[in-house]
file query.pdb (PDB, C-alpha atoms)
MODEL        1
ATOM      1  CA  MET U   1      -0.398  41.079   0.264
ATOM      2  CA  ASP U   2       1.771  37.994  -0.068
ATOM      3  CA  PRO U   3       5.185  39.043  -1.496
ATOM      4  CA  ARG U   4       4.899  36.116  -3.940
ATOM      5  CA  GLU U   5       1.870  37.815  -5.498
ATOM      6  CA  PHE U   6       3.726  41.023  -6.438
ATOM      7  CA  PRO U   7       3.573  41.338 -10.256
ATOM      8  CA  THR U   8       7.252  40.907 -11.080
ATOM      9  CA  LYS U   9       8.919  38.702 -13.683
ATOM     10  CA  GLY U  10      10.814  36.959 -10.886
ATOM     11  CA  ASN U  11       7.569  36.072  -9.101
ATOM     12  CA  LEU U  12       6.014  34.940 -12.384
ATOM     13  CA  MET U  13       8.936  32.566 -12.955
ATOM     14  CA  LEU U  14       8.681  31.246  -9.378
ATOM     15  CA  ALA U  15       4.934  30.715  -9.751
ATOM     16  CA  LYS U  16       5.409  28.852 -13.058
ATOM     17  CA  ASN U  17       8.108  26.647 -11.484
ATOM     18  CA  SER U  18       5.857  25.904  -8.505
ATOM     19  CA  LEU U  19       2.986  25.055 -10.865
ATOM     20  CA  ALA U  20       5.230  22.716 -12.874
ATOM     21  CA  LEU U  21       6.400  21.012  -9.658
ATOM     22  CA  ALA U  22       2.790  20.633  -8.487
ATOM     23  CA  HIS U  23       1.848  18.978 -11.802
ATOM     24  CA  GLN U  24       4.903  16.706 -11.558
ATOM     25  CA  GLY U  25       4.027  15.836  -7.952
ATOM     26  CA  TYR U  26       0.445  14.995  -8.954
ATOM     27  CA  ASP U  27       1.641  12.744 -11.799
ATOM     28  CA  LEU U  28       3.983  10.906  -9.416
ATOM     29  CA  MET U  29       1.230  10.488  -6.799
ATOM     30  CA  ASP U  30      -1.141   9.210  -9.484
ATOM     31  CA  LYS U  31       1.421   6.674 -10.763
ATOM     32  CA  LYS U  32       2.188   5.556  -7.210
ATOM     33  CA  ARG U  33      -1.528   5.127  -6.478
ATOM     34  CA  ASN U  34      -2.012   3.015  -9.628
ATOM     35  CA  ILE U  35       0.980   0.783  -8.800
ATOM     36  CA  LEU U  36      -0.247   0.285  -5.220
ATOM     37  CA  LEU U  37      -3.780  -0.430  -6.454
ATOM     38  CA  LYS U  38      -2.465  -3.104  -8.821
ATOM     39  CA  GLU U  39      -0.504  -4.703  -5.950
ATOM     40  CA  LEU U  40      -3.577  -4.507  -3.692
ATOM     41  CA  MET U  41      -5.869  -6.173  -6.232
ATOM     42  CA  GLU U  42      -3.350  -9.015  -6.666
ATOM     43  CA  LEU U  43      -3.189  -9.463  -2.873
ATOM     44  CA  ILE U  44      -6.985  -9.470  -2.601
ATOM     45  CA  ASP U  45      -7.189 -12.223  -5.232
ATOM     46  CA  GLU U  46      -4.444 -14.175  -3.455
ATOM     47  CA  ALA U  47      -6.200 -13.793  -0.079
ATOM     48  CA  LYS U  48      -9.456 -15.029  -1.603
ATOM     49  CA  ASN U  49      -7.733 -18.106  -3.034
ATOM     50  CA  ILE U  50      -5.960 -18.871   0.244
ATOM     51  CA  GLN U  51      -9.211 -18.439   2.197
ATOM     52  CA  GLU U  52     -10.963 -20.907  -0.099
ATOM     53  CA  GLU U  53      -8.075 -23.346   0.314
ATOM     54  CA  ILE U  54      -8.144 -22.900   4.094
ATOM     55  CA  ASP U  55     -11.881 -23.637   4.188
ATOM     56  CA  SER U  56     -11.470 -26.906   2.290
ATOM     57  CA  THR U  57      -8.305 -27.832   4.227
ATOM     58  CA  PHE U  58      -9.993 -27.142   7.577
ATOM     59  CA  THR U  59     -12.938 -29.307   6.561
ATOM     60  CA  ARG U  60     -10.593 -32.144   5.577
ATOM     61  CA  ALA U  61      -8.512 -31.702   8.749
ATOM     62  CA  TYR U  62     -11.533 -31.986  11.052
ATOM     63  CA  THR U  63     -12.770 -35.026   9.134
ATOM     64  CA  CYS U  64      -9.328 -36.606   9.676
ATOM     65  CA  LEU U  65      -9.461 -35.644  13.363
ATOM     66  CA  GLN U  66     -12.859 -37.279  13.789
ATOM     67  CA  ARG U  67     -11.525 -40.468  12.245
ATOM     68  CA  ALA U  68      -8.475 -40.366  14.543
ATOM     69  CA  ASN U  69     -10.715 -39.841  17.577
ATOM     70  CA  ILE U  70     -12.756 -42.886  16.602
ATOM     71  CA  GLU U  71      -9.766 -45.142  15.836
ATOM     72  CA  GLN U  72      -7.371 -43.949  18.544
ATOM     73  CA  GLY U  73      -9.726 -42.595  21.211
ATOM     74  CA  ILE U  74     -10.305 -38.948  22.165
ATOM     75  CA  SER U  75      -8.165 -39.134  25.320
ATOM     76  CA  LYS U  76      -5.188 -40.523  23.370
ATOM     77  CA  VAL U  77      -5.551 -37.834  20.687
ATOM     78  CA  GLU U  78      -5.667 -35.127  23.378
ATOM     79  CA  GLU U  79      -2.598 -36.615  25.022
ATOM     80  CA  LEU U  80      -0.699 -36.495  21.726
ATOM     81  CA  ALA U  81      -1.938 -32.938  21.039
ATOM     82  CA  PHE U  82      -0.354 -31.726  24.289
ATOM     83  CA  THR U  83       3.044 -32.974  23.101
ATOM     84  CA  VAL U  84       3.019 -30.542  20.164
ATOM     85  CA  PRO U  85       5.229 -27.548  21.086
ATOM     86  CA  ILE U  86       4.021 -23.949  20.878
ATOM     87  CA  GLU U  87       5.082 -22.319  17.613
ATOM     88  CA  GLU U  88       7.812 -19.844  18.598
ATOM     89  CA  SER U  89       9.903 -19.725  15.444
ATOM     90  CA  ILE U  90       7.803 -17.169  13.536
ATOM     91  CA  ARG U  91       9.798 -14.095  12.486
ATOM     92  CA  ILE U  92       8.398 -11.125  10.590
ATOM     93  CA  GLN U  93      10.604  -9.389   8.039
ATOM     94  CA  THR U  94       9.559  -6.529   5.756
ATOM     95  CA  ARG U  95      10.021  -5.435   2.168
ATOM     96  CA  SER U  96       9.099  -2.089   0.662
ATOM     97  CA  ILE U  97       6.634  -1.430  -2.164
ATOM     98  CA  MET U  98       6.619   2.281  -3.093
ATOM     99  CA  GLY U  99       7.385   3.234   0.503
ATOM    100  CA  THR U 100       4.924   0.748   2.055
ATOM    101  CA  GLU U 101       6.495  -1.745   4.466
ATOM    102  CA  ILE U 102       5.047  -5.153   3.580
ATOM    103  CA  PRO U 103       5.450  -8.053   6.054
ATOM    104  CA  HIS U 104       7.136 -11.290   5.053
ATOM    105  CA  ILE U 105       6.717 -14.141   7.555
ATOM    106  CA  LYS U 106       9.414 -16.746   8.075
ATOM    107  CA  TYR U 107       9.288 -19.705  10.408
ATOM    108  CA  ASP U 108      11.180 -22.900  11.079
ATOM    109  CA  ASP U 109       9.207 -25.765   9.560
ATOM    110  CA  ARG U 110      11.407 -28.260  11.433
ATOM    111  CA  GLN U 111       9.417 -27.495  14.574
ATOM    112  CA  ASN U 112       6.761 -29.716  13.035
ATOM    113  CA  ASP U 113       8.875 -32.820  13.624
ATOM    114  CA  LEU U 114       7.082 -35.797  15.115
ATOM    115  CA  THR U 115       6.538 -35.720  18.886
ATOM    116  CA  TYR U 116       5.384 -39.335  19.112
ATOM    117  CA  ALA U 117       6.483 -42.749  17.860
ATOM    118  CA  PHE U 118       4.857 -44.330  14.828
ATOM    119  CA  GLY U 119       4.528 -47.641  16.662
ATOM    120  CA  THR U 120       2.210 -46.173  19.311
ATOM    121  CA  THR U 121      -0.357 -44.619  16.966
ATOM    122  CA  LYS U 122      -2.556 -45.460  14.031
ATOM    123  CA  GLU U 123      -2.213 -43.984  10.523
ATOM    124  CA  SER U 124      -5.253 -41.722  11.057
ATOM    125  CA  ILE U 125      -3.205 -39.690  13.603
ATOM    126  CA  ASP U 126      -0.476 -39.059  11.026
ATOM    127  CA  ILE U 127      -3.034 -38.032   8.388
ATOM    128  CA  ALA U 128      -4.775 -35.628  10.819
ATOM    129  CA  ARG U 129      -1.407 -34.186  11.877
ATOM    130  CA  GLU U 130      -0.416 -33.466   8.270
ATOM    131  CA  ALA U 131      -3.834 -31.928   7.543
ATOM    132  CA  PHE U 132      -3.570 -29.498  10.474
ATOM    133  CA  ARG U 133       0.019 -28.743   9.517
ATOM    134  CA  ALA U 134      -1.303 -27.616   6.125
ATOM    135  CA  VAL U 135      -3.919 -25.486   7.910
ATOM    136  CA  LYS U 136      -1.180 -23.778   9.929
ATOM    137  CA  ASN U 137       0.908 -23.025   6.840
ATOM    138  CA  LEU U 138      -2.092 -21.540   5.042
ATOM    139  CA  THR U 139      -3.112 -19.494   8.094
ATOM    140  CA  ILE U 140       0.377 -17.985   8.323
ATOM    141  CA  LYS U 141       0.290 -17.164   4.606
ATOM    142  CA  LEU U 142      -3.179 -15.620   4.862
ATOM    143  CA  ALA U 143      -2.108 -13.457   7.811
ATOM    144  CA  GLU U 144       0.862 -12.203   5.778
ATOM    145  CA  VAL U 145      -1.248 -11.391   2.700
ATOM    146  CA  GLU U 146      -4.116  -9.742   4.615
ATOM    147  CA  ASN U 147      -1.708  -7.582   6.641
ATOM    148  CA  ALA U 148       0.072  -6.511   3.454
ATOM    149  CA  ALA U 149      -3.285  -5.658   1.833
ATOM    150  CA  TYR U 150      -4.301  -3.574   4.862
ATOM    151  CA  ARG U 151      -1.030  -1.606   4.777
ATOM    152  CA  LEU U 152      -1.284  -1.026   1.029
ATOM    153  CA  ALA U 153      -4.882   0.178   1.386
ATOM    154  CA  ALA U 154      -3.816   2.665   4.089
ATOM    155  CA  ASN U 155      -1.004   3.989   1.870
ATOM    156  CA  ILE U 156      -3.343   4.244  -1.129
ATOM    157  CA  LYS U 157      -5.725   6.338   0.962
ATOM    158  CA  LYS U 158      -2.869   8.629   2.036
ATOM    159  CA  THR U 159      -1.546   8.893  -1.543
ATOM    160  CA  GLN U 160      -5.040   9.673  -2.871
ATOM    161  CA  LYS U 161      -5.427  12.404  -0.255
ATOM    162  CA  ARG U 162      -2.139  14.026  -1.321
ATOM    163  CA  ALA U 163      -3.031  13.740  -5.010
ATOM    164  CA  ASN U 164      -6.418  15.358  -4.356
ATOM    165  CA  ALA U 165      -4.759  18.206  -2.445
ATOM    166  CA  LEU U 166      -2.404  18.847  -5.370
ATOM    167  CA  LYS U 167      -5.181  18.605  -7.956
ATOM    168  CA  ASN U 168      -7.872  20.590  -6.139
ATOM    169  CA  ILE U 169      -5.850  23.102  -4.085
ATOM    170  CA  THR U 170      -2.181  23.525  -5.032
ATOM    171  CA  ILE U 171      -2.459  23.373  -8.845
ATOM    172  CA  PRO U 172      -5.482  25.746  -9.055
ATOM    173  CA  MET U 173      -3.771  28.141  -6.623
ATOM    174  CA  TYR U 174      -0.564  28.388  -8.679
ATOM    175  CA  SER U 175      -2.499  28.436 -11.967
ATOM    176  CA  ASN U 176      -4.459  31.417 -10.659
ATOM    177  CA  LEU U 177      -1.255  33.066  -9.401
ATOM    178  CA  VAL U 178       0.441  32.675 -12.810
ATOM    179  CA  TYR U 179      -2.668  34.069 -14.519
ATOM    180  CA  THR U 180      -2.930  37.056 -12.121
ATOM    181  CA  ILE U 181       0.769  38.016 -12.275
ATOM    182  CA  ASN U 182       0.872  37.542 -16.051
ATOM    183  CA  ASN U 183      -2.168  39.796 -16.529
ATOM    184  CA  ALA U 184      -0.719  42.420 -14.188
ATOM    185  CA  LEU U 185       2.606  42.419 -16.070
ATOM    186  CA  GLU U 186       0.846  42.671 -19.431
ATOM    187  CA  GLU U 187      -1.238  45.563 -18.128
ATOM    188  CA  LYS U 188       1.907  47.235 -16.836
ATOM    189  CA  GLU U 189       3.561  46.778 -20.258
ATOM    190  CA  ARG U 190       0.540  48.306 -21.996
ATOM    191  CA  GLU U 191       0.602  51.266 -19.629
ATOM    192  CA  GLU U 192       4.343  51.702 -20.193
ATOM    193  CA  PHE U 193       3.874  51.493 -23.959
ATOM    194  CA  THR U 194       1.087  54.095 -23.846
ATOM    195  CA  ARG U 195       3.185  56.336 -21.586
ATOM    196  CA  LEU U 196       6.168  56.141 -23.973
ATOM    197  CA  LYS U 197       3.926  56.948 -26.951
ATOM    198  CA  VAL U 198       2.601  60.001 -25.131
ATOM    199  CA  ILE U 199       6.134  61.139 -24.208
ATOM    200  CA  LYS U 200       7.336  60.594 -27.781
ATOM    201  CA  LYS U 201       4.377  62.548 -29.117
ATOM    202  CA  MET U 202       5.034  65.404 -26.718
ATOM    203  CA  GLN U 203       8.714  65.440 -27.647
ATOM    204  CA  GLY U 204       7.761  65.595 -31.332
ATOM    205  CA  LYS U 205       5.900  68.821 -30.717
TER     206      LYS U 205
ENDMDL
END
call {"tool": "encode", "arguments": {"input": "query.pdb", "output": "structure tokens"}}
result
Amino acid sequence: MDPREFPTKGNLMLAKNSLALAHQGYDLMDKKRNILLKELMELIDEAKNIQEEIDSTFTRAYTCLQRANIEQGISKVEELAFTVPIEESIRIQTRSIMGTEIPHIKYDDRQNDLTYAFGTTKESIDIAREAFRAVKNLTIKLAEVENAAYRLAANIKKTQKRANALKNITIPMYSNLVYTINNALEEKEREEFTRLKVIKKMQGK
């Protein structure tokens, strides 16, 4: 028999304390889950809006590119495209939401400075460049939001699992333990009361 199950007042107090802590832990897990869910739903809405914006921006960017290809020539556009440096300024920082590390992307927008002279190109090149620059900014933002949503979802799943364990295993276990010890102590008190009555009766004779 587990020593914690012995019907003593000390064990009853320990069991009640453990039950109270389990209830408190469940309440905290439930609050945490609700906060994370609210954050996740906001991120999902934000990701949806960004995705819609990316779709329209991509469409506009490719329309601008087609116009540039026609006005400037495909070979010239390709030549200019090769002058654009690889994006190497992206840095990922993190912030914490209820213990979940959420990414925050930073990058140096100055790397988008012109790599060609205005006098050698037509306006359609500049318009296409700006359109694809907008696509890049949105793509970076979408990556940040989707990654944050994924991490929040994983933490929600873990939090829900812990809450379920407290609700379905720990709390019933300690509730049953309190009930069992309490009944055993009450039975012991009744037996002691009966025994004292018998002794008192015998002494009266």
call {"tool": "resolve_selection", "arguments": {"input": "query.pdb", "expression": "the PyMOL selection byres ((chain U and resi 27) around 12)", "output": "list in words"}}
result
Ala20, Leu21, Ala22, His23, Gln24, Gly25, Tyr26, Leu28, Met29, Asp30, Lys31, Lys32, Arg33, Asn34, Thr159, Gln160, Arg162, Ala163, Asn164, Leu166, Lys167 and Ile171 of chain U
call {"tool": "closest_residue", "arguments": {"input": "query.pdb", "among": "U:Glu52, U:Glu101, U:Glu187, U:Glu71", "to": "Lys122 of chain U", "atoms": "only C-alpha atoms"}}
result
U:Glu71
call {"tool": "atom_distance", "arguments": {"input": "query.pdb", "atom1": "atom CA of Ile50 of chain U", "atom2": "atom CA of Lys158 of chain U"}}
result
27.7 Å
call {"tool": "resolve_selection", "arguments": {"input": "query.pdb", "expression": "the PyMOL selection byres ((chain U and resi 58) around 12)", "output": "list in words"}}
result
Ile50, Gln51, Glu52, Glu53, Ile54, Asp55, Ser56, Thr57, Thr59, Arg60, Ala61, Tyr62, Thr63, Cys64, Leu65, Ala128, Arg129, Glu130, Ala131, Phe132, Arg133, Ala134, Val135, Lys136, Asn137, Leu138 and Thr139 of chain U
call {"tool": "atom_distance", "arguments": {"input": "query.pdb", "atom1": "atom CA of Ser89 of chain U", "atom2": "atom CA of Asp126 of chain U"}}
result
22.4 Å
call {"tool": "resolve_selection", "arguments": {"input": "query.pdb", "expression": "the PyMOL selection byres ((chain U and resi 146-155) around 9)", "output": "number ranges by chain"}}
result
U: 33, 36-37, 39-41, 43-44, 47, 97, 99-104, 141-145, 156-160
call {"tool": "write_last_selection", "arguments": {"input": "query.pdb", "atoms": "C-alpha atoms", "output": "PDB file, in the coordinates of the input"}}
result
ATOM      1  CA  ARG U  33      -1.528   5.127  -6.478  1.00  0.00           C
ATOM      2  CA  LEU U  36      -0.247   0.285  -5.220  1.00  0.00           C
ATOM      3  CA  LEU U  37      -3.780  -0.430  -6.454  1.00  0.00           C
ATOM      4  CA  GLU U  39      -0.504  -4.703  -5.950  1.00  0.00           C
ATOM      5  CA  LEU U  40      -3.577  -4.507  -3.692  1.00  0.00           C
ATOM      6  CA  MET U  41      -5.869  -6.173  -6.232  1.00  0.00           C
ATOM      7  CA  LEU U  43      -3.189  -9.463  -2.873  1.00  0.00           C
ATOM      8  CA  ILE U  44      -6.985  -9.470  -2.601  1.00  0.00           C
ATOM      9  CA  ALA U  47      -6.200 -13.793  -0.079  1.00  0.00           C
ATOM     10  CA  ILE U  97       6.634  -1.430  -2.164  1.00  0.00           C
ATOM     11  CA  GLY U  99       7.385   3.234   0.503  1.00  0.00           C
ATOM     12  CA  THR U 100       4.924   0.748   2.055  1.00  0.00           C
ATOM     13  CA  GLU U 101       6.495  -1.745   4.466  1.00  0.00           C
ATOM     14  CA  ILE U 102       5.047  -5.153   3.580  1.00  0.00           C
ATOM     15  CA  PRO U 103       5.450  -8.053   6.054  1.00  0.00           C
ATOM     16  CA  HIS U 104       7.136 -11.290   5.053  1.00  0.00           C
ATOM     17  CA  LYS U 141       0.290 -17.164   4.606  1.00  0.00           C
ATOM     18  CA  LEU U 142      -3.179 -15.620   4.862  1.00  0.00           C
ATOM     19  CA  ALA U 143      -2.108 -13.457   7.811  1.00  0.00           C
ATOM     20  CA  GLU U 144       0.862 -12.203   5.778  1.00  0.00           C
ATOM     21  CA  VAL U 145      -1.248 -11.391   2.700  1.00  0.00           C
ATOM     22  CA  ILE U 156      -3.343   4.244  -1.129  1.00  0.00           C
ATOM     23  CA  LYS U 157      -5.725   6.338   0.962  1.00  0.00           C
ATOM     24  CA  LYS U 158      -2.869   8.629   2.036  1.00  0.00           C
ATOM     25  CA  THR U 159      -1.546   8.893  -1.543  1.00  0.00           C
ATOM     26  CA  GLN U 160      -5.040   9.673  -2.871  1.00  0.00           C
TER      27      GLN U 160
END
call {"tool": "atom_distance", "arguments": {"input": "query.pdb", "atom1": "atom CA of Thr180 of chain U", "atom2": "atom CA of Pro7 of chain U"}}
result
8.0 Å
call {"tool": "closest_residue", "arguments": {"input": "query.pdb", "among": "U:Ile86, U:Ile127, U:Ile140, U:Leu196", "to": "Lys106 of chain U", "atoms": "only C-alpha atoms"}}
result
U:Ile140
call {"tool": "closest_residue", "arguments": {"input": "query.pdb", "among": "U:Leu185, U:Asn168, U:Thr194, U:Met202", "to": "Asn11 of chain U", "atoms": "all atoms listed in the file"}}
result
U:Leu185
call {"tool": "closest_residue", "arguments": {"input": "query.pdb", "among": "U:Ser18, U:Asn183, U:Thr121, U:Asn49", "to": "Val77 of chain U", "atoms": "only C-alpha atoms"}}
result
U:Thr121
call {"tool": "decode", "arguments": {"input": "query.pdb", "residues": "segment 132-143 of chain U", "atoms": "N, CA and C atoms", "output": "PDB file, in the first residue's frame"}}
result
ATOM      1  N   PHE U 132       8.150  43.832 -57.143  1.00  0.00           N
ATOM      2  CA  PHE U 132       8.767  42.613 -56.591  1.00  0.00           C
ATOM      3  C   PHE U 132       9.389  42.882 -55.217  1.00  0.00           C
ATOM      4  N   ARG U 133       9.750  44.115 -54.983  1.00  0.00           N
ATOM      5  CA  ARG U 133      10.232  44.485 -53.639  1.00  0.00           C
ATOM      6  C   ARG U 133       9.095  44.333 -52.630  1.00  0.00           C
ATOM      7  N   ALA U 134       7.894  44.728 -53.032  1.00  0.00           N
ATOM      8  CA  ALA U 134       6.716  44.577 -52.172  1.00  0.00           C
ATOM      9  C   ALA U 134       6.415  43.105 -51.930  1.00  0.00           C
ATOM     10  N   VAL U 135       6.599  42.285 -52.984  1.00  0.00           N
ATOM     11  CA  VAL U 135       6.390  40.836 -52.852  1.00  0.00           C
ATOM     12  C   VAL U 135       7.353  40.248 -51.820  1.00  0.00           C
ATOM     13  N   LYS U 136       8.609  40.689 -51.872  1.00  0.00           N
ATOM     14  CA  LYS U 136       9.609  40.184 -50.925  1.00  0.00           C
ATOM     15  C   LYS U 136       9.242  40.545 -49.487  1.00  0.00           C
ATOM     16  N   ASN U 137       8.854  41.789 -49.282  1.00  0.00           N
ATOM     17  CA  ASN U 137       8.474  42.245 -47.935  1.00  0.00           C
ATOM     18  C   ASN U 137       7.301  41.436 -47.380  1.00  0.00           C
ATOM     19  N   LEU U 138       6.319  41.196 -48.237  1.00  0.00           N
ATOM     20  CA  LEU U 138       5.139  40.428 -47.812  1.00  0.00           C
ATOM     21  C   LEU U 138       5.491  38.966 -47.536  1.00  0.00           C
ATOM     22  N   THR U 139       6.390  38.413 -48.355  1.00  0.00           N
ATOM     23  CA  THR U 139       6.801  37.016 -48.180  1.00  0.00           C
ATOM     24  C   THR U 139       7.527  36.832 -46.851  1.00  0.00           C
ATOM     25  N   ILE U 140       8.387  37.800 -46.519  1.00  0.00           N
ATOM     26  CA  ILE U 140       9.099  37.752 -45.233  1.00  0.00           C
ATOM     27  C   ILE U 140       8.105  37.823 -44.079  1.00  0.00           C
ATOM     28  N   LYS U 141       7.129  38.718 -44.206  1.00  0.00           N
ATOM     29  CA  LYS U 141       6.113  38.880 -43.158  1.00  0.00           C
ATOM     30  C   LYS U 141       5.273  37.616 -43.014  1.00  0.00           C
ATOM     31  N   LEU U 142       4.899  37.021 -44.139  1.00  0.00           N
ATOM     32  CA  LEU U 142       4.086  35.801 -44.105  1.00  0.00           C
ATOM     33  C   LEU U 142       4.851  34.652 -43.456  1.00  0.00           C
ATOM     34  N   ALA U 143       6.140  34.544 -43.769  1.00  0.00           N
ATOM     35  CA  ALA U 143       6.969  33.491 -43.172  1.00  0.00           C
ATOM     36  C   ALA U 143       7.026  33.644 -41.653  1.00  0.00           C
TER      37      ALA U 143
END
